[in-house]
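Participant: Quick one: structure below, then a few questions.
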Amino acid sequence: MSDSDIRAPQQRPSLGEMGLDQQAQLERERHLLVDARPGRELNAMVLEPMMRIGRAFWPAVGVLGFLVLTWWVTWGFQMWWNVGITGLNRVVMWSLYIANYVYLIGIAEAGTFIAAALRLLDIDWRRPISRIAELLTVFCIFASALFPLAHLGRTWKFYWLLPYPNERQLWPNFHSALIWDLTATLSYLATSTLFFYIDLIPDAALARDHVHGWRRTLNSWLALGWRGTERQWRLLKVAQLIFSIGILLIMPSVHTVVSYDFAMTIQPGWHSTVFGPYFVAGAIYSGVAAIIIAAILFQRLNHWSYFIRDEHLNGLGIFLLLTSLVWDYFFFQDFIVPWYGQVPTEKQVLLTMMAGHGQLAFWLMITANAIIPFFTLWWRRVRTSWPAMLAISILIQLGLLLERYIIVTIDLGVRELPFNWGLYQPRAAELIMSTGAVAFIVLGFVVFSKLIPFVVLYEVKEGQFLVQLKRIGKGLIRSKME
Amino acid sequence: MRGFHDYLVLGVFADLGRAADAVAALRQLGIPEERIRALSPFPVPTRAYPLPRPRDRLALVTAVGAAIGFLLGIFLMVGTANLYPLDVGGQPLVPGPPSIVILYEYTLLVMLTAVFFAFALGIRTPAYWAQVYDRRLSEDGFGVLVGLTSRELEPAERALRASGALSLRRLDEAGLRPQLRRWLGRQISYGLWVSAVVGGVLAIAILCVFAYGGLQWIYPDQMVTQQSVGYQEGPRLAAPTAAVPIQGPVLISGQPATEPLPGTAASRERGANLFRNHCYLCHGNEGHGNGPLAGYYSPPPADLAGPVVAGLPPSEVFRVIRLGRGVMPSLAESLTAGETWDLVTLVKSLTQSPARTP
């Protein structure tokens, strides 16, 4: 059976006319969960890329590490010379740092959202990709949390924000949206890391049993003595359930609180009640696109076409289309009300975005976020083609970074009184730190992919145990035990 | 593993059905269910084994954790506000709706953290006893682990073999002791290293946080190293004689800031454009100090066509635009030096008086 048989269903004989063998083979090619293989083989498929250090590994670590190093050096340089080396000015006092913060924490939103929501809904295509999604959350939220610290200027005084009993008996002002922001970000960092770790434990035990050397030591620490007794599995399931619900409660609150940083001001363009859901929609949108990028890269680089198949890209693609439409809706909401109201300052913000110095970024954003996904993702052929999905997802990343850039720097340049308008242009410091942050996330994936198993194998095995082909009449039908 | 036993025996089976049969056979031998564990490489439906459904208290932990988190939030919102009362612009000391955000985040944070630790304790971590284990249990194997007295040992092993065990592993007291000693030694050495590193970091952190004044940490702080002059202190600082201004004009009273532009019609035209953006809202179309916002200010904006402004030299008009005066803000960020001179040309032309050289 060739590839074209799968891609073009209309030219194939109908399933009923095929023999049972043929049907079974077709089902196995399409669906991971009916394509069961022995556990030993599955383990090897996951552990072999983990143990192998390819030719490209050290050059990649070198380049990415250099970029990360430039990030830290630039940050140190900025601490010494203060934020004057950035493009900040009195009017536009939030810069690309804050745009990066919002953007990266947005990607972080979707990682655990995918893992948690799809687990609660029991959607089967989540099984091989949830580890990638959860790890994306951890790295992105860590990188994003560093940007407000860089923005502080006097970074070394950041602990003044933390509520702890200190010698002067001072406490942070909990009325401030910025303290909410810190609380929410740190809560999310802590809980999503724990969520990732709970899911990792059985797979770390698997790596402990089947690899040698220091990776065995590392994974046996991570595994916490896991043996897989029925009591342990039960606790794992319940903890995952509670964490999934908890994460689903905390996840929207984080980006809503981030949006409060903007919406609680009276800045034109920011003072909007729709900002909370609008930010959450954008966050999930960018996160799903980022997961698609990561999943495709893992599929290509680790030769994981067994684990990550067309059905997974298709499911993620449908999800991406859905989040794209939700984003379009909220964007339109955020746009139409000020436009219809024609309050001069609000109108000026929109005009600056659409026809002023923000127009290139604005129209690029609309194209990348609304137009291209809408006119491509309806077709299964696009959703299952990895080059197309990779290109669309990268475009969406660009579009959503531009969206945050527009909201932060271009909105902020338009104040109530025209003498108080300002222009912002990022300088070298911001650009170096931004690329450094992206490099940090990629480096995290490159390094961690050699430390821990990157497929949630016990969930794949569980799915393969539960899903079976059942013969009914002339057809083979997938059925799932509950 | 609870209950009295001398031996631990682990049987490994090729599939779930055989392992379940083995558990049933062991139960028939009269071995109590709390001494039997079923091990599997992935979660299987618990009712496959003739064992009671394992109990857990995670729901209770969730509730308690959420309550503690909520109380922590209350302490931070209400308690700390009263410990160090801070008047924020007439707001109540403990605002209502904004408290919800903090309470929500802390409730969830402590709740999930508590669930995590309960989970880690519940899976018996760290494992303080010797374990019988087989690597095949994370591949395809299904295991049955049973604690046996010496009387039960032989029939139980026979039953496990009869159910199709691929292999049996036995751990008795003789094997347990050296294994335990080795394991304990390793735990202690790891523990020492980990606690040394963690303790060192914590000690430094505590020192930094609580002894900020005493430690005299050398932070990069240019506020300390730069030359400074207090309020109403002399002598007034001037730029050193050799200084070359690089970021705009040096503004010292009585000296021209930059070369004034010639007051041509083109300059006046540019000035008029800038005036509409930067000046009109307060000073009005004709510069009479009657713009749309003029009523909000006391004293009202200056009449640019009036005698006061007419009496000012152009350099002084330049200074006022650059630096602001009274309620008028500085426009230094919005205008280049050349644009400011264009505005000076315009303002001077409003009074119809010929521009004098400063």
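In the structure tokens, the first chain shown is A, the next is B, and so on; residue numbers restart at 1 for each chain, and ligands run from 1 in the order shown.
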Write out as a PyMOL selection string the residues lying within 9 Å of region 58-66 of chain A, counting only C-alpha atoms and excluding same-chain residues fewer than 2 positions away.
Facilitator: chain A and resi 53-56+68-71+436+439-440+442-443+446-447
Participant: For Lys348 (chain B), find every residue with an atom within 12 Å (counting only C-alpha atoms), except residues of its own chain fewer than 4 positions away, and show them as a VMD selection string.
Facilitator: chain B and resid 263 to 264 267 to 268 271 to 272 287 303 to 318 341 to 344 352 to 357
Participant: Work out how far CA of Pro373 (chain A) is from CA of Ser144 (chain A), in Å to one decimal.
Facilitator: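 That distance, rounded to one decimal, is 26.0 Å.
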Participant: Find, counting only C-alpha atoms, the residue in A:Asn43, A:Ser286, A:Asn369, A:Gln468 that gets nearest to Tyr103 (chain A).
Facilitator: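 Selected residue with least distance to Tyr103 (chain A): A:Ser286.
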Participant: Determine, for each residue of chain B having at least one atom at most 8 Å from an atom of chain A, the closest pair of atoms and their separation in Å to one decimal, counting only C-alpha atoms; order by chain and ascending number, as CSV.
Facilitator:
residue,atom,partner,partner_atom,distance
B:Arg37,CA,A:Thr229,CA,6.2
B:Ala38,CA,A:Thr229,CA,5.4
B:Leu39,CA,A:Thr229,CA,4.2
B:Ser40,CA,A:Gly228,CA,5.5
B:Pro41,CA,A:Gly228,CA,6.3
B:Phe42,CA,A:Tyr458,CA,4.9
B:Pro43,CA,A:Trp233,CA,5.6
B:Val44,CA,A:Glu462,CA,7.2
B:Thr46,CA,A:Glu230,CA,7.0
B:Pro54,CA,A:Arg231,CA,5.4
B:Arg55,CA,A:Arg231,CA,7.7
B:Asp56,CA,A:Leu235,CA,6.7
B:Leu58,CA,A:Ala239,CA,7.2
B:Thr62,CA,A:Ile242,CA,8.0
B:Leu76,CA,A:Pro163,CA,7.7
B:Met77,CA,A:Phe174,CA,6.4
B:Thr80,CA,A:Trp171,CA,6.3
B:Ala81,CA,A:Trp171,CA,7.7
B:Leu83,CA,A:Gln169,CA,7.9
B:Tyr84,CA,A:Leu170,CA,6.6
B:Pro95,CA,A:His175,CA,7.3
B:Pro98,CA,A:His175,CA,6.5
B:Ser99,CA,A:His175,CA,7.6
B:Val101,CA,A:Trp180,CA,6.8
B:Ile102,CA,A:Trp180,CA,6.3
B:Glu105,CA,A:Ala184,CA,6.0
B:Tyr106,CA,A:Ser187,CA,7.5
B:Leu108,CA,A:Gly246,CA,6.6
B:Leu109,CA,A:Ser187,CA,5.4
B:Leu112,CA,A:Thr191,CA,6.5
B:Thr113,CA,A:Thr191,CA,6.9
B:Val115,CA,A:Ala239,CA,6.7
B:Phe116,CA,A:Leu194,CA,7.0
B:Phe119,CA,A:Leu235,CA,6.3
B:Ala120,CA,A:Leu224,CA,8.0
B:Gly122,CA,A:Leu235,CA,7.1
B:Ile123,CA,A:Gln232,CA,5.2
B:Arg124,CA,A:Gly225,CA,8.0
B:Thr125,CA,A:Leu224,CA,5.8
B:Pro126,CA,A:Leu224,CA,6.2
B:Ala127,CA,A:Gly225,CA,6.1
B:Tyr133,CA,A:Arg227,CA,7.5
B:Arg135,CA,A:Asp209,CA,5.4
B:Leu137,CA,A:Arg227,CA,7.9
B:Ser138,CA,A:Leu206,CA,5.4
B:Glu139,CA,A:Gly39,CA,4.7
B:Asp140,CA,A:Gly39,CA,5.0
B:Val209,CA,A:Asn166,CA,7.6
B:Phe210,CA,A:Glu167,CA,6.2
B:Pro220,CA,A:Trp80,CA,6.0
B:Asp221,CA,A:Trp80,CA,7.8
B:Asn277,CA,A:Pro418,CA,6.0
B:His278,CA,A:Phe419,CA,4.7
B:Cys279,CA,A:Phe419,CA,7.7
B:Leu331,CA,A:Phe419,CA,6.7
B:Ser334,CA,A:Phe419,CA,6.3
Participant: Find the spatial neighbours of region 111-113 of chain A, counting only C-alpha atoms, within a cut-off of 9 Å - ignore same-chain residues fewer than 5 positions away - and output them as a PyMOL selection string.
Facilitator: chain A and resi 118+130-138+192+195-196+244+247-248+251+284+287-288+290-291
Participant: Next, write the just-selected residues to a file, as a JSON list (two decimals), in the first residue's frame, keeping N, CA, C and O atoms as the atom set.
Facilitator:
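As a result, result_14.json now contains:
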[["chain", "number", "residue", "atom", "x", "y", "z"],
["A", 118, "LEU", "N", -6.76, 18.12, 27.19],
["A", 118, "LEU", "CA", -6.95, 16.93, 26.37],
["A", 118, "LEU", "C", -6.99, 15.67, 27.23],
["A", 118, "LEU", "O", -7.64, 14.69, 26.88],
["A", 130, "SER", "N", 2.25, 15.02, 24.91],
["A", 130, "SER", "CA", 2.05, 15.90, 26.07],
["A", 130, "SER", "C", 3.35, 16.25, 26.79],
["A", 130, "SER", "O", 3.45, 17.33, 27.34],
["A", 131, "ARG", "N", 4.36, 15.37, 26.75],
["A", 131, "ARG", "CA", 5.63, 15.73, 27.39],
["A", 131, "ARG", "C", 6.24, 16.96, 26.73],
["A", 131, "ARG", "O", 6.70, 17.88, 27.40],
["A", 132, "ILE", "N", 6.22, 16.98, 25.38],
["A", 132, "ILE", "CA", 6.76, 18.14, 24.65],
["A", 132, "ILE", "C", 6.02, 19.39, 25.08],
["A", 132, "ILE", "O", 6.62, 20.43, 25.35],
["A", 133, "ALA", "N", 4.69, 19.29, 25.17],
["A", 133, "ALA", "CA", 3.89, 20.45, 25.53],
["A", 133, "ALA", "C", 4.22, 20.94, 26.94],
["A", 133, "ALA", "O", 4.37, 22.13, 27.17],
["A", 134, "GLU", "N", 4.35, 20.00, 27.88],
["A", 134, "GLU", "CA", 4.60, 20.40, 29.26],
["A", 134, "GLU", "C", 5.98, 21.03, 29.42],
["A", 134, "GLU", "O", 6.16, 22.00, 30.14],
["A", 135, "LEU", "N", 6.96, 20.44, 28.71],
["A", 135, "LEU", "CA", 8.31, 20.98, 28.82],
["A", 135, "LEU", "C", 8.39, 22.36, 28.18],
["A", 135, "LEU", "O", 9.10, 23.25, 28.69],
["A", 136, "LEU", "N", 7.64, 22.54, 27.10],
["A", 136, "LEU", "CA", 7.58, 23.87, 26.47],
["A", 136, "LEU", "C", 7.11, 24.90, 27.48],
["A", 136, "LEU", "O", 7.63, 26.01, 27.57],
["A", 137, "THR", "N", 6.10, 24.53, 28.26],
["A", 137, "THR", "CA", 5.61, 25.42, 29.29],
["A", 137, "THR", "C", 6.70, 25.79, 30.28],
["A", 137, "THR", "O", 6.90, 26.97, 30.58],
["A", 138, "VAL", "N", 7.42, 24.79, 30.74],
["A", 138, "VAL", "CA", 8.42, 25.05, 31.79],
["A", 138, "VAL", "C", 9.49, 26.00, 31.28],
["A", 138, "VAL", "O", 9.82, 27.00, 31.92],
["A", 192, "SER", "N", 3.15, 24.30, 37.07],
["A", 192, "SER", "CA", 3.34, 23.59, 35.79],
["A", 192, "SER", "C", 4.60, 22.76, 35.84],
["A", 192, "SER", "O", 4.67, 21.71, 35.19],
["A", 195, "PHE", "N", 3.52, 19.64, 37.58],
["A", 195, "PHE", "CA", 2.67, 18.87, 36.66],
["A", 195, "PHE", "C", 3.53, 18.08, 35.70],
["A", 195, "PHE", "O", 3.34, 16.87, 35.49],
["A", 196, "PHE", "N", 4.52, 18.77, 35.13],
["A", 196, "PHE", "CA", 5.47, 18.12, 34.22],
["A", 196, "PHE", "C", 6.18, 16.99, 34.95],
["A", 196, "PHE", "O", 6.34, 15.89, 34.41],
["A", 244, "SER", "N", -4.71, 18.43, 36.53],
["A", 244, "SER", "CA", -5.30, 18.91, 35.28],
["A", 244, "SER", "C", -6.37, 19.96, 35.57],
["A", 244, "SER", "O", -6.42, 21.00, 34.92],
["A", 247, "ILE", "N", -4.65, 23.10, 36.95],
["A", 247, "ILE", "CA", -3.95, 23.85, 35.91],
["A", 247, "ILE", "C", -4.95, 24.57, 35.02],
["A", 247, "ILE", "O", -4.75, 25.72, 34.62],
["A", 248, "LEU", "N", -6.08, 23.92, 34.75],
["A", 248, "LEU", "CA", -7.09, 24.58, 33.92],
["A", 248, "LEU", "C", -7.69, 25.78, 34.64],
["A", 248, "LEU", "O", -8.21, 26.69, 34.01],
["A", 251, "MET", "N", -4.42, 28.42, 34.66],
["A", 251, "MET", "CA", -3.86, 28.85, 33.38],
["A", 251, "MET", "C", -4.53, 30.12, 32.85],
["A", 251, "MET", "O", -3.83, 31.08, 32.58],
["A", 284, "ILE", "N", -3.15, 30.89, 24.02],
["A", 284, "ILE", "CA", -3.36, 29.49, 23.62],
["A", 284, "ILE", "C", -3.01, 29.31, 22.15],
["A", 284, "ILE", "O", -2.39, 28.33, 21.74],
["A", 287, "GLY", "N", 0.68, 29.20, 21.73],
["A", 287, "GLY", "CA", 1.20, 27.98, 22.33],
["A", 287, "GLY", "C", 0.95, 26.76, 21.47],
["A", 287, "GLY", "O", 1.84, 25.92, 21.31],
["A", 288, "VAL", "N", -0.24, 26.67, 20.88],
["A", 288, "VAL", "CA", -0.53, 25.51, 20.02],
["A", 288, "VAL", "C", 0.41, 25.52, 18.83],
["A", 288, "VAL", "O", 0.97, 24.49, 18.44],
["A", 290, "ALA", "N", 3.36, 26.75, 18.78],
["A", 290, "ALA", "CA", 4.71, 26.39, 19.24],
["A", 290, "ALA", "C", 4.81, 24.88, 19.44],
["A", 290, "ALA", "O", 5.84, 24.27, 19.11],
["A", 291, "ILE", "N", 3.74, 24.28, 19.94],
["A", 291, "ILE", "CA", 3.77, 22.82, 20.13],
["A", 291, "ILE", "C", 3.89, 22.12, 18.78],
["A", 291, "ILE", "O", 4.60, 21.13, 18.64]]
